[in-house]
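Shown next: my_file34.txt, given as compact mmCIF, C-alpha atoms and all ligand atoms.
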```txt
# COMPACT_ATOMS: atom_id res chain seq x y z
CA MET P 794 90.86 92.85 98.81
CA ARG P 795 89.42 94.22 95.62
CA ALA P 796 90.92 96.93 93.41
CA ILE P 797 89.86 98.81 90.26
CA VAL P 798 92.32 97.93 87.51
CA ILE P 799 92.56 99.40 84.01
CA HIS P 800 94.00 97.02 81.38
CA SER P 801 93.46 99.08 78.23
CA ALA P 802 90.91 101.55 76.86
CA ARG P 803 87.41 100.57 78.03
CA ASP P 804 88.75 97.44 79.77
CA LEU P 805 88.17 98.16 83.46
CA ARG P 806 88.19 95.21 85.86
CA ILE P 807 87.65 94.62 89.54
CA GLU P 808 90.44 92.30 90.62
CA THR P 809 91.69 90.77 93.84
CA ARG P 810 95.04 91.75 95.33
CA GLU P 811 96.86 90.65 98.48
CA VAL P 812 96.36 92.79 101.56
CA PRO P 813 99.76 94.40 102.24
CA LYS P 814 101.31 94.80 105.70
CA PRO P 815 102.31 98.25 106.96
CA GLY P 816 106.07 98.66 107.33
CA SER P 817 107.89 101.00 109.65
CA GLY P 818 106.43 104.51 109.40
CA GLN P 819 103.41 103.26 107.47
CA VAL P 820 99.72 102.75 108.15
CA ARG P 821 97.15 100.37 106.72
CA ILE P 822 93.97 102.16 105.65
CA LYS P 823 90.52 100.76 105.00
CA MET P 824 89.54 102.92 102.05
CA ALA P 825 86.27 104.85 102.19
CA ALA P 826 85.95 107.23 99.20
CA GLY P 827 87.74 107.75 95.89
CA GLY P 828 87.02 110.56 93.45
CA ILE P 829 87.22 109.82 89.74
CA CYS P 830 89.51 112.37 88.09
CA GLY P 831 89.93 113.48 84.49
CA SER P 832 93.19 111.54 84.26
CA ASP P 833 91.47 108.33 85.46
CA LEU P 834 88.88 108.92 82.72
CA HIS P 835 91.63 109.34 80.09
CA TYR P 836 93.06 105.94 81.02
CA TYR P 837 89.56 104.45 81.04
CA ASN P 838 88.38 105.94 77.74
CA HIS P 839 91.63 106.12 75.74
CA GLY P 840 94.23 104.01 77.56
CA GLY P 841 96.28 107.14 78.30
CA PHE P 842 96.81 110.73 77.11
CA GLY P 843 99.40 112.55 75.04
CA THR P 844 102.55 110.42 75.03
CA VAL P 845 101.48 108.46 78.16
CA HIS P 846 100.06 105.01 77.42
CA LEU P 847 99.24 101.99 79.54
CA ARG P 848 101.89 99.30 79.13
CA GLU P 849 100.70 97.02 81.93
CA PRO P 850 97.56 96.72 84.11
CA MET P 851 97.34 99.57 86.60
CA ILE P 852 95.18 100.27 89.65
CA LEU P 853 93.58 103.68 89.07
CA GLY P 854 92.84 106.45 91.54
CA HIS P 855 94.55 109.22 93.48
CA GLU P 856 91.76 111.25 95.20
CA VAL P 857 91.18 109.10 98.26
CA SER P 858 90.32 108.89 101.92
CA GLY P 859 89.82 106.09 104.42
CA HIS P 860 90.08 104.97 108.01
CA VAL P 861 93.32 103.90 109.67
CA GLU P 862 93.06 100.24 110.68
CA ALA P 863 96.63 99.35 111.63
CA LEU P 864 99.81 101.25 112.51
CA GLY P 865 103.32 100.21 111.55
CA GLU P 866 106.25 100.77 113.87
CA GLY P 867 107.17 104.31 114.83
CA VAL P 868 103.95 106.01 113.71
CA ASN P 869 102.93 108.97 115.88
CA GLY P 870 99.99 111.32 115.56
CA LEU P 871 97.59 108.84 113.99
CA ALA P 872 95.29 106.35 115.69
CA VAL P 873 93.26 103.35 114.59
CA GLY P 874 89.86 104.61 113.46
CA ASP P 875 91.02 108.06 112.29
CA LEU P 876 89.54 109.30 109.03
CA VAL P 877 92.47 110.40 106.88
CA ALA P 878 92.89 111.99 103.47
CA VAL P 879 95.82 110.33 101.70
CA SER P 880 98.02 112.52 99.54
CA PRO P 881 98.99 110.77 96.29
CA SER P 882 102.03 113.04 96.00
CA ARG P 883 105.10 110.94 96.85
CA PRO P 884 108.28 112.85 95.99
CA CYS P 885 111.63 111.12 96.59
CA GLY P 886 113.05 113.74 98.98
CA ASN P 887 116.53 113.34 97.49
CA CYS P 888 116.61 114.89 94.03
CA GLN P 889 117.63 118.44 93.17
CA TYR P 890 114.07 119.76 93.10
CA CYS P 891 113.08 118.09 96.35
CA ALA P 892 116.16 119.66 97.93
CA GLU P 893 115.04 123.08 96.64
CA GLY P 894 111.56 122.60 98.11
CA LEU P 895 109.93 122.20 94.68
CA ARG P 896 108.50 118.83 95.60
CA ASN P 897 105.80 118.80 92.92
CA HIS P 898 108.70 118.82 90.43
CA CYS P 899 110.42 115.78 91.93
CA GLU P 900 112.30 113.87 89.25
CA ASN P 901 111.34 110.53 90.81
CA MET P 902 107.73 111.32 91.73
CA ARG P 903 105.61 108.25 92.47
CA PHE P 904 102.16 109.82 92.08
CA TYR P 905 99.39 107.24 92.53
CA GLY P 906 97.76 105.82 89.42
CA SER P 907 100.24 107.18 86.89
CA ALA P 908 101.46 105.43 83.74
CA MET P 909 104.16 108.06 83.14
CA PRO P 910 106.94 105.90 84.63
CA PHE P 911 107.38 102.17 83.93
CA PRO P 912 106.63 100.05 85.88
CA HIS P 913 103.51 102.18 86.36
CA ILE P 914 102.71 103.63 89.77
CA GLN P 915 99.76 101.64 91.08
CA GLY P 916 96.88 103.75 92.35
CA ALA P 917 94.65 103.89 95.39
CA PHE P 918 91.22 102.66 94.19
CA ARG P 919 91.38 99.58 96.41
CA GLU P 920 89.72 98.37 99.57
CA VAL P 921 92.95 98.46 101.56
CA LEU P 922 95.95 100.74 101.06
CA VAL P 923 99.29 100.86 102.85
CA ALA P 924 100.62 104.42 102.82
CA ASP P 925 103.36 106.36 104.57
CA ALA P 926 102.00 108.07 107.66
CA SER P 927 103.47 111.30 106.25
CA GLN P 928 100.99 111.11 103.35
CA CYS P 929 98.00 111.00 105.69
CA VAL P 930 96.21 114.05 107.05
CA ARG P 931 93.58 113.60 109.74
CA ALA P 932 90.22 114.76 108.43
CA THR P 933 88.26 114.80 111.70
CA GLY P 934 84.86 116.44 111.26
CA LEU P 935 84.74 115.95 107.48
CA THR P 936 82.88 113.27 105.55
CA ALA P 937 84.96 110.67 103.70
CA GLY P 938 83.77 112.25 100.45
CA GLU P 939 84.98 115.69 101.48
CA ALA P 940 88.32 114.27 102.61
CA ALA P 941 88.75 112.68 99.16
CA MET P 942 88.27 116.17 97.63
CA ALA P 943 91.49 117.34 99.31
CA GLU P 944 93.49 116.24 96.25
CA PRO P 945 91.73 118.26 93.52
CA LEU P 946 91.36 121.14 95.99
CA SER P 947 95.13 121.06 96.53
CA VAL P 948 95.65 121.37 92.77
CA VAL P 949 93.56 124.54 92.81
CA LEU P 950 95.22 125.92 95.96
CA HIS P 951 98.62 125.44 94.33
CA GLY P 952 97.32 127.29 91.27
CA THR P 953 95.93 130.06 93.46
CA ARG P 954 99.34 130.45 95.04
CA ARG P 955 100.92 130.64 91.60
CA ALA P 956 98.42 133.38 90.68
CA GLY P 957 99.61 135.52 93.59
CA GLU P 958 97.56 138.28 95.24
CA ILE P 959 93.80 137.72 94.68
CA LEU P 960 92.35 140.06 97.31
CA GLY P 961 90.05 142.53 95.58
CA LYS P 962 90.70 141.07 92.12
CA ARG P 963 88.27 140.23 89.28
CA VAL P 964 88.64 136.62 88.20
CA LEU P 965 87.59 134.78 85.05
CA ILE P 966 87.48 130.97 85.15
CA THR P 967 87.24 129.15 81.82
CA GLY P 968 86.06 125.55 82.21
CA SER P 969 83.57 124.57 84.91
CA GLY P 970 84.69 121.02 85.65
CA PRO P 971 85.82 119.93 89.12
CA ILE P 972 88.97 122.08 88.92
CA GLY P 973 87.13 125.16 87.64
CA THR P 974 84.38 124.91 90.25
CA LEU P 975 86.92 124.34 93.04
CA ALA P 976 88.71 127.43 91.70
CA VAL P 977 85.52 129.40 92.39
CA LEU P 978 85.76 128.36 96.04
CA ALA P 979 89.51 128.98 96.28
CA ALA P 980 89.41 132.39 94.57
CA ARG P 981 86.51 133.48 96.78
CA ALA P 982 88.29 132.33 99.93
CA ALA P 983 91.37 134.26 98.75
CA GLY P 984 89.34 137.48 98.45
CA ALA P 985 88.26 137.78 94.80
CA THR P 986 85.52 140.40 94.47
CA GLU P 987 84.07 139.16 91.17
CA ILE P 988 84.14 135.66 89.71
CA VAL P 989 82.79 134.85 86.23
CA VAL P 990 82.81 131.27 84.92
CA THR P 991 82.45 130.05 81.33
CA ASP P 992 81.71 126.59 79.96
CA LEU P 993 79.80 124.90 77.12
CA GLU P 994 77.52 122.86 79.40
CA ASP P 995 74.69 124.21 81.55
CA ASN P 996 74.86 121.38 84.07
CA ALA P 997 78.51 122.18 84.79
CA LEU P 998 77.77 125.90 85.12
CA GLY P 999 74.94 125.17 87.56
CA PHE P 1000 77.52 123.75 89.98
CA ALA P 1001 79.66 126.89 89.61
CA SER P 1002 76.62 129.02 90.50
CA ARG P 1003 75.81 126.88 93.50
CA VAL P 1004 79.30 127.30 94.95
CA GLY P 1005 79.21 131.07 94.57
CA ALA P 1006 80.20 132.25 91.08
CA ASP P 1007 78.82 135.77 90.52
CA ARG P 1008 77.98 135.05 86.90
CA VAL P 1009 78.11 132.00 84.66
CA ILE P 1010 78.18 132.16 80.88
CA ASN P 1011 77.41 129.34 78.48
CA VAL P 1012 79.70 130.31 75.60
CA ALA P 1013 78.10 127.68 73.34
CA GLN P 1014 74.77 129.52 73.57
CA ASP P 1015 75.98 133.07 74.07
CA SER P 1016 79.26 133.46 72.23
CA ASP P 1017 79.16 137.28 72.54
CA ALA P 1018 78.74 137.40 76.30
CA LEU P 1019 82.47 137.83 76.92
CA ALA P 1020 82.67 140.72 74.41
CA ALA P 1021 81.71 143.30 77.04
CA TYR P 1022 84.61 142.10 79.21
CA GLN P 1023 86.98 142.21 76.22
CA ALA P 1024 86.17 145.85 75.37
CA GLY P 1025 88.94 148.40 75.60
CA LYS P 1026 91.98 146.70 77.08
CA GLY P 1027 89.93 144.10 78.97
CA THR P 1028 88.50 143.63 82.44
CA PHE P 1029 89.77 140.70 84.49
CA ASP P 1030 92.93 140.64 86.59
CA ILE P 1031 93.33 136.87 86.66
CA LEU P 1032 92.34 134.06 84.30
CA TYR P 1033 92.15 130.53 85.71
CA GLU P 1034 92.21 128.53 82.47
CA CYS P 1035 90.75 125.19 83.53
CA SER P 1036 89.42 123.80 80.23
CA GLY P 1037 92.54 123.01 78.21
CA SER P 1038 90.74 124.52 75.22
CA PRO P 1039 92.70 126.91 72.97
CA GLN P 1040 89.48 128.82 72.17
CA ALA P 1041 88.79 129.38 75.88
CA LEU P 1042 92.39 130.47 76.43
CA ALA P 1043 92.21 132.99 73.57
CA ALA P 1044 88.84 134.38 74.71
CA GLY P 1045 90.13 134.63 78.28
CA ILE P 1046 93.32 136.42 77.27
CA ALA P 1047 91.24 138.92 75.30
CA ALA P 1048 89.20 139.61 78.47
CA LEU P 1049 92.27 140.24 80.68
CA ARG P 1050 93.33 143.80 81.49
CA PRO P 1051 96.93 145.02 81.15
CA ARG P 1052 99.36 143.25 83.52
CA GLY P 1053 96.78 140.49 84.04
CA ILE P 1054 97.80 136.93 84.86
CA VAL P 1055 97.03 133.78 82.88
CA LEU P 1056 97.06 130.77 85.16
CA GLN P 1057 97.08 127.64 83.00
CA LEU P 1058 95.66 124.67 84.94
CA GLY P 1059 93.84 122.88 82.10
CA LEU P 1060 95.83 120.21 80.28
CA GLY P 1061 95.19 120.69 76.58
CA GLY P 1062 98.33 119.36 74.98
CA ASP P 1063 100.26 121.92 72.93
CA MET P 1064 97.83 124.83 72.73
CA THR P 1065 98.26 127.88 70.53
CA ILE P 1066 98.47 131.21 72.37
CA PRO P 1067 97.62 134.72 71.08
CA MET P 1068 101.19 135.79 71.83
CA GLN P 1069 100.88 139.29 70.36
CA MET P 1070 98.16 140.13 72.89
CA LEU P 1071 100.28 138.65 75.67
CA THR P 1072 103.09 140.98 74.69
CA ALA P 1073 101.01 144.11 74.07
CA LYS P 1074 99.02 143.84 77.32
CA GLU P 1075 102.09 142.77 79.32
CA LEU P 1076 100.36 139.64 80.59
CA ASP P 1077 102.03 137.00 82.75
CA LEU P 1078 101.62 133.39 81.65
CA ARG P 1079 101.96 130.97 84.56
CA GLY P 1080 101.70 127.19 84.54
CA SER P 1081 100.56 125.17 87.53
CA PHE P 1082 101.09 121.45 88.00
CA ARG P 1083 99.96 119.23 90.85
CA PHE P 1084 100.78 120.36 94.45
CA HIS P 1085 102.54 119.12 97.53
CA GLU P 1086 102.52 121.21 100.69
CA GLU P 1087 99.00 122.52 99.94
CA PHE P 1088 97.42 119.17 100.89
CA PRO P 1089 97.07 119.73 104.66
CA THR P 1090 95.93 123.29 103.90
CA ALA P 1091 93.10 121.90 101.78
CA ILE P 1092 91.91 119.81 104.72
CA ALA P 1093 92.21 122.73 107.14
CA LEU P 1094 90.22 125.09 104.88
CA MET P 1095 87.39 122.54 104.66
CA GLN P 1096 87.49 121.89 108.40
CA ASN P 1097 87.34 125.56 109.38
CA GLY P 1098 84.46 126.26 107.01
CA SER P 1099 86.38 128.60 104.66
CA LEU P 1100 85.05 126.57 101.78
CA ASP P 1101 82.47 123.84 101.27
CA VAL P 1102 83.11 121.24 98.57
CA LYS P 1103 80.07 119.08 99.37
CA PRO P 1104 77.83 120.59 96.63
CA LEU P 1105 80.35 119.38 94.03
CA ILE P 1106 80.11 115.70 94.98
CA SER P 1107 77.32 114.82 92.57
CA HIS P 1108 77.38 111.01 92.68
CA THR P 1109 78.60 108.22 94.95
CA VAL P 1110 78.76 104.74 93.43
CA PRO P 1111 79.62 101.45 95.19
CA LEU P 1112 82.83 99.64 94.22
CA ASP P 1113 81.04 96.76 92.48
CA GLN P 1114 79.47 99.31 90.09
CA ALA P 1115 82.79 101.01 89.31
CA GLN P 1116 82.33 100.83 85.55
CA ALA P 1117 78.96 102.62 85.77
CA GLY P 1118 80.64 105.17 88.01
CA PHE P 1119 83.30 105.85 85.39
CA ASP P 1120 80.67 106.23 82.67
CA LEU P 1121 78.74 108.63 84.88
CA ALA P 1122 81.86 110.62 85.80
CA GLY P 1123 82.51 111.23 82.12
CA ASP P 1124 78.99 112.52 81.44
CA ARG P 1125 79.15 116.29 81.89
CA THR P 1126 75.39 116.63 81.40
CA GLN P 1127 74.92 114.83 84.74
CA ALA P 1128 78.01 114.62 86.88
CA MET P 1129 80.43 117.03 88.54
CA LYS P 1130 82.54 114.84 90.86
CA ALA P 1131 81.60 111.16 90.96
CA GLN P 1132 83.15 109.13 93.77
CA ILE P 1133 83.52 105.42 94.43
CA ALA P 1134 82.43 104.23 97.89
CA PHE P 1135 84.73 101.43 99.08
CA GLY P 1136 83.17 100.73 102.46
ZN ZN P 1201 93.12 114.25 89.96
ZN ZN P 1202 112.64 114.22 94.36
```
What does the file become when written as C-alpha cells?
Amino acid sequence: MRAIVIHSARDLRIETREVPKPGSGQVRIKMAAGGICGSDLHYYNHGGFGTVHLREPMILGHEVSGHVEALGEGVNGLAVGDLVAVSPSRPCGNCQYCAEGLRNHCENMRFYGSAMPFPHIQGAFREVLVADASQCVRATGLTAGEAAMAEPLSVVLHGTRRAGEILGKRVLITGSGPIGTLAVLAARAAGATEIVVTDLEDNALGFASRVGADRVINVAQDSDALAAYQAGKGTFDILYECSGSPQALAAGIAALRPRGIVLQLGLGGDMTIPMQMLTAKELDLRGSFRFHEEFPTAIALMQNGSLDVKPLISHTVPLDQAQAGFDLAGDRTQAMKAQIAFG
C-alpha cells in the first residue's frame, strides 16, 4: 500500500508500506478521503512548527475516513463495508488526565501525524489503516469527504463547548480558514443570532458567507469596518479567534462587550494580548485544544442535517497527485479544504 510521507520541508514522497493486520479489537480500513490540515501544511512547508521539528520520516494526515474491510477479534458494532470516520485522538486511558475525563490532555497522546513525540506518531494518509474499533464512528448517509471533516468539526465543537452558552449571542470570528468557517456552522447550530467573520482574503470570506455568516469583512481592504463594533464598550459576546494573528486578537478584544469571552483556537505561537482591556472589560480568556468526546457528535450533527460541511470541501485530489494537493491546500486564494482521495 502507498502512503504520503514527509521527510523534511518540501520533501513529500509517496512510499510503499506493508499492509498491517488488524489485532484484537481493531479493524482494517480501506481509506477513502483525507483532509489536508494546517499542521500537515506546516510539516510540508517548514518541516514543523514552533519547537516541533521532523526528526524522521513521518506519514502525514489525521482527518480521515474509509471503509471497513476486515474485522479483528472481538469487534462489535462495525461491519465490513461500513463507511467510518476515524478519530486521530488516541489517549492512553491510564494517565491522570485520562482518569479525570480530560482525554484531550492525555500525557501520552498518540495523535496521528504528530512529530511532537519521538518516535513520531505516524499518520493516516495511507491506502490502508489499522485502527482501534473504538476510534471508528459509522458515517452512514454521509460522503467520505464529509466523514473526513469530522475531525476539524470536532475541534470547533470542543471550542464551542469551551465558549459556553451561545443561544442568542452575537459572535465574531477572526480568521476564515477551515476552523473559522466550521465555527460559523457550529455557532449557528448552537443558536448564535449574529455571526460576523473577518479575514484578509476574499476567497476565504466567500466560503464563510456561503455557510451562513451574516456579514463578512475583509480587514485588509476595510480596516475601519470593525470600528462600529468597537464603539462604546463593544458589541460581541463571544470571539472565536481562529487566525493566530495578534492583530486579529487585539481587534476582536476591542469589539467584545463587557464580560465577553475570548475563545482562542488559532495557533499563533506566543501572541501579545491587550491585557488592560481584558481586565477593564472583565473578559474571559479561554484556550481550546483538540477534542475527544466531540467526535461522534460531529458525525451525528452532519447526519441529522444540523450543519452541512460540503460547501467547504473545495478540492479533491487523487493520491498520486498529493504534492499538487498540498500546494493547492496552502493557496488561500483558491482552496478552503482540500482533500486527498485514496480510493
Ligand atoms: Zn487538523
Ligand atoms: Zn492519558
**OP:** Set the cut-off to 8 Å, count all atoms listed in the file, and list whatever residues fall near ligand ZN 1202 (chain P) as an MDAnalysis selection string.
**Re:** chainID P and resid 884:892 896 898:902
Original post:
Hey, what's within 12 Å of Phe842 (chain P) if we count all atoms listed in the file and toss same-chain stuff fewer than 4 positions away? As an MDAnalysis selection string, please?
Top reply: chainID P and resid 802 831:838 846:847 907:909 1060:1062
Original post:
Which residue out of P:Gly968, P:Pro1089, P:Gly906, P:Pro945 has the minimum interatomic distance to ligand ZN 1201 (chain P) when all atoms listed in the file are used?
Top reply: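 Ranked by minimum distance to ligand ZN 1201 (chain P), first place goes to P:Pro945.
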Original post:
Which one is closest to ligand ZN 1201 (chain P): P:Gln1040, P:Gln819, P:Thr844, P:Ser880? Count all atoms listed in the file.
Top reply: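 Comparing P:Gln1040, P:Gln819, P:Thr844, P:Ser880 against ligand ZN 1201 (chain P), the winner is P:Ser880.
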**OP:** Could you pull out the residues sitting within 12 Å of ligand ZN 1201 (chain P), using only C-alpha atoms and all ligand atoms, and write them as number ranges by chain?
**Re:** P: 827-835, 853-857, 880-882, 904-907, 916-917, 941-949, 970-972, 1058-1060, 1082-1084, 1130-1132
Subject >> Shell of 9 Å around region 924-936 of chain P, all atoms listed in the file, local chain residues under 2 positions omitted, as a PyMOL selection string >> reply: chain P and resi 815-822+858+864-865+868-871+875-883+922+938-941+1088-1089+1092-1093+1095-1096+1103
**OP:** Fewer than 5 positions away in the same chain doesn't count, so skip those; otherwise give me all residues within 8 Å of Ala956 (chain P), counting all atoms listed in the file, as a list in words.
**Re:** Ile1031, Ile1054, Val1055, Leu1056 and Arg1079 of chain P
